[in-house]
Amino acid sequence: MKTKTPPDHIPSNSIQDSGQDVPHAAMKDLNRRSFLRNSLVAGAAVTAGAVMLESIPSALAQEGHGHLTRGDAAILRWLAAAEIIETDLWQQYNELGGIQDAEVPGGSGSQSYANAIKQLDGDMDQYIHDNTEDELSHETFINAYLTSNGASPVSLDQFRTLPSSKATGAQQIGRLTNLTQLTVDTTWWTRYRSRTANPDLGDTFPPAIPSLAVGQHPGIPRTDSDLTDPNFLQAIANTAGFHFANIEVGGASMYPGLAQRVTSVEVLRILLSIGGTEITHFQTWHDKAGNAPPLTAMDPVTGVKVTFPDLNSPPFGGEDFQTNLIMPELTAFLSRKLPACSIIRPTSTRDAAKLALQGFMSMGVFIGQSPAFFELVNRLAVEADDAKRGTS
Ligand SMILES: [Fe+2]
Ligand SMILES: [Fe+2]
């Protein structure tokens, strides 16, 4: 177990969004400055963290940090929201299946669930912990950077209304996301193994685990009753294992996609540096998902079935499914006339934020969220995608 000095995190909930509805028609014409003023300042909850954030601008100003362009601020604000969402997902996984400590406090663990997840790798609890801490640092850093440049940070605190798992080990607090009704897209498995196809060139890919793409599946135990059948408990852990990669593959594409719209070299540096860690997360989870024990199980509550096949045996197997092919295979990039190349894909900049949001939505993690929540996150994604490189 590694030991590290606990980070000096700066809470990001200094300003809370009002969550007021804005008609879709108005969204395109949204003036960012009035949006920031009107939607973020209302309901402001000033905390000790806000005081810490306010002390940052003068320090950074002395180092020559300037003001953000409208587009750069919009991209960073969407990324802050996406990181807050990621943190909420990972926090729930860590409370039950990770390591609860001063770096990532909250929850007390579920030994049975953690053991099931460890069937994928004996260090899963450490990886879950570290991924959670990373997301919290991303969220905190981006919000602090926005504040340091005179832009408002993002808070989704008022939308922490979804219930926690009732399983022993989970905190009983409001959540932004729902991990009990997941629909997991596993097309990334074949996308990163294909030697000819690229989603940026219009290609589509089959899922590695077709039954995870239909119905709703828990990624954490809903109650302690979900721990009693070892086969179903392993199905929950396997679902989590593939969901981990599903979360992080989105970040791996979103950051390079949005980086192409950034104006400031320093903001570009932020996107490249944080985006790189999203890719390391994806790579780790991609490797571990291949260790999920093959099984078929039925959810005793919903009746939904799930099958995790042996991906190394017929009708699977071969280069599109073999579990140890975890490095991105060479594939077409930019043009099929150019040589094949090992790359992150997709990286198209068009609708990069909206596609990432759509990815979250199609997972089912927002089931139960309010219309005001969807309005806000959609607006942030639209504004990020409207950013144009080189404009003020
Ligand atoms: Fe992140
Ligand atoms: Fe991430």
# chains A, B, ... in the order shown; residues from 1 in each chain; ligands from 1

$ residues_near_ligand --ligand "ligand 1" --cutoff "12 Å" --atoms "only C-alpha atoms and all ligand atoms" --output "VMD selection string"
chain A and resid 78 to 90 130 to 142 247 to 255 270 to 282

$ write_last_selection --atoms "C-alpha atoms" --output "CSV table (one decimal), in the first residue's frame"
chain,number,residue,atom,x,y,z
A,78,TRP,CA,-17.6,22.0,-19.2
A,79,LEU,CA,-14.5,20.0,-18.1
A,80,ALA,CA,-15.0,21.1,-14.5
A,81,ALA,CA,-18.6,19.8,-14.7
A,82,ALA,CA,-17.5,16.5,-16.4
A,83,GLU,CA,-14.9,16.0,-13.7
A,84,ILE,CA,-17.4,16.7,-10.9
A,85,ILE,CA,-19.6,14.0,-12.4
A,86,GLU,CA,-16.6,11.6,-12.7
A,87,THR,CA,-15.7,12.2,-9.1
A,88,ASP,CA,-19.2,11.4,-8.0
A,89,LEU,CA,-19.2,8.1,-9.9
A,90,TRP,CA,-15.8,7.1,-8.6
A,130,ASP,CA,-6.3,6.4,-7.1
A,131,ASN,CA,-8.8,7.0,-10.0
A,132,THR,CA,-11.1,8.6,-7.5
A,133,GLU,CA,-8.4,10.9,-6.1
A,134,ASP,CA,-7.3,11.8,-9.6
A,135,GLU,CA,-10.8,12.9,-10.6
A,136,LEU,CA,-11.2,15.0,-7.4
A,137,SER,CA,-7.9,16.7,-8.2
A,138,HIS,CA,-9.0,17.4,-11.8
A,139,GLU,CA,-12.2,18.9,-10.6
A,140,THR,CA,-10.5,21.0,-7.9
A,141,PHE,CA,-7.7,22.2,-10.2
A,142,ILE,CA,-9.9,23.2,-13.1
A,247,ILE,CA,-16.2,6.0,-18.1
A,248,GLU,CA,-12.5,6.6,-18.8
A,249,VAL,CA,-12.6,6.0,-22.5
A,250,GLY,CA,-14.9,9.0,-22.8
A,251,GLY,CA,-12.3,11.2,-21.1
A,252,ALA,CA,-9.5,9.8,-23.3
A,253,SER,CA,-11.3,11.1,-26.4
A,254,MET,CA,-12.9,14.2,-24.9
A,255,TYR,CA,-9.7,16.0,-23.9
A,270,ILE,CA,-4.0,21.8,-19.0
A,271,LEU,CA,-6.0,19.7,-21.4
A,272,LEU,CA,-3.0,17.7,-22.6
A,273,SER,CA,-1.8,17.0,-19.1
A,274,ILE,CA,-5.1,16.0,-17.6
A,275,GLY,CA,-6.2,14.3,-20.8
A,276,GLY,CA,-3.1,12.1,-20.6
A,277,THR,CA,-4.1,10.8,-17.2
A,278,GLU,CA,-7.6,9.9,-18.5
A,279,ILE,CA,-5.8,7.8,-21.1
A,280,THR,CA,-3.8,6.0,-18.4
A,281,HIS,CA,-7.0,5.3,-16.5
A,282,PHE,CA,-8.6,3.8,-19.6

$ residues_around --residues "Glu329 (chain A)" --least-positions-apart "3" --cutoff "8 Å" --atoms "only C-alpha atoms" --output "tab-separated table (two decimals) with C-alpha atoms, in the first residue's frame"
chain	number	residue	atom	x	y	z
A	192	TYR	CA	-9.29	-0.24	-30.01
A	193	ARG	CA	-8.61	-3.67	-31.53
A	194	SER	CA	-9.71	-2.94	-35.09
A	195	ARG	CA	-6.87	-2.55	-37.61
A	325	LEU	CA	-4.43	-6.90	-26.98
A	341	CYS	CA	-1.24	4.42	-36.93
A	342	SER	CA	-1.68	3.54	-33.22
A	343	ILE	CA	-3.90	6.32	-31.90

$ select_by_dssp --residues "region 110-276 of chain A" --states "alpha helix (DSSP H)" --output "PyMOL selection string"
chain A and resi 111-117+124-148+187-191+230-259+265-276

$ atom_distance --atom1 "CA of Val301 (chain A)" --atom2 "CA of Trp285 (chain A)"
27.8 Å

$ closest_atom_pairs --of "region 223-271 of chain A" --to "region 100-111 of chain A" --cutoff "12 Å" --atoms "only C-alpha atoms" --output "JSON lines"
{"residue": "A:Thr223", "atom": "CA", "partner": "A:Ser110", "partner_atom": "CA", "distance": 10.8}
{"residue": "A:Asp224", "atom": "CA", "partner": "A:Ser110", "partner_atom": "CA", "distance": 9.1}
{"residue": "A:Asp226", "atom": "CA", "partner": "A:Ser110", "partner_atom": "CA", "distance": 11.4}
{"residue": "A:Leu227", "atom": "CA", "partner": "A:Ser110", "partner_atom": "CA", "distance": 9.2}
{"residue": "A:Leu233", "atom": "CA", "partner": "A:Ser110", "partner_atom": "CA", "distance": 11.6}
{"residue": "A:Ala237", "atom": "CA", "partner": "A:Ser110", "partner_atom": "CA", "distance": 11.9}

$ write_last_selection --atoms "C-alpha atoms" --output "compact mmCIF listing (two decimals), in the first residue's frame"
# COMPACT_ATOMS: atom_id res chain seq x y z
CA THR A 223 -28.48 -3.53 -0.67
CA ASP A 224 -26.75 -6.24 1.33
CA ASP A 226 -27.10 -8.29 -3.53
CA LEU A 227 -24.11 -9.81 -1.72
CA LEU A 233 -22.26 -10.56 -6.95
CA ALA A 237 -18.31 -6.68 -10.04
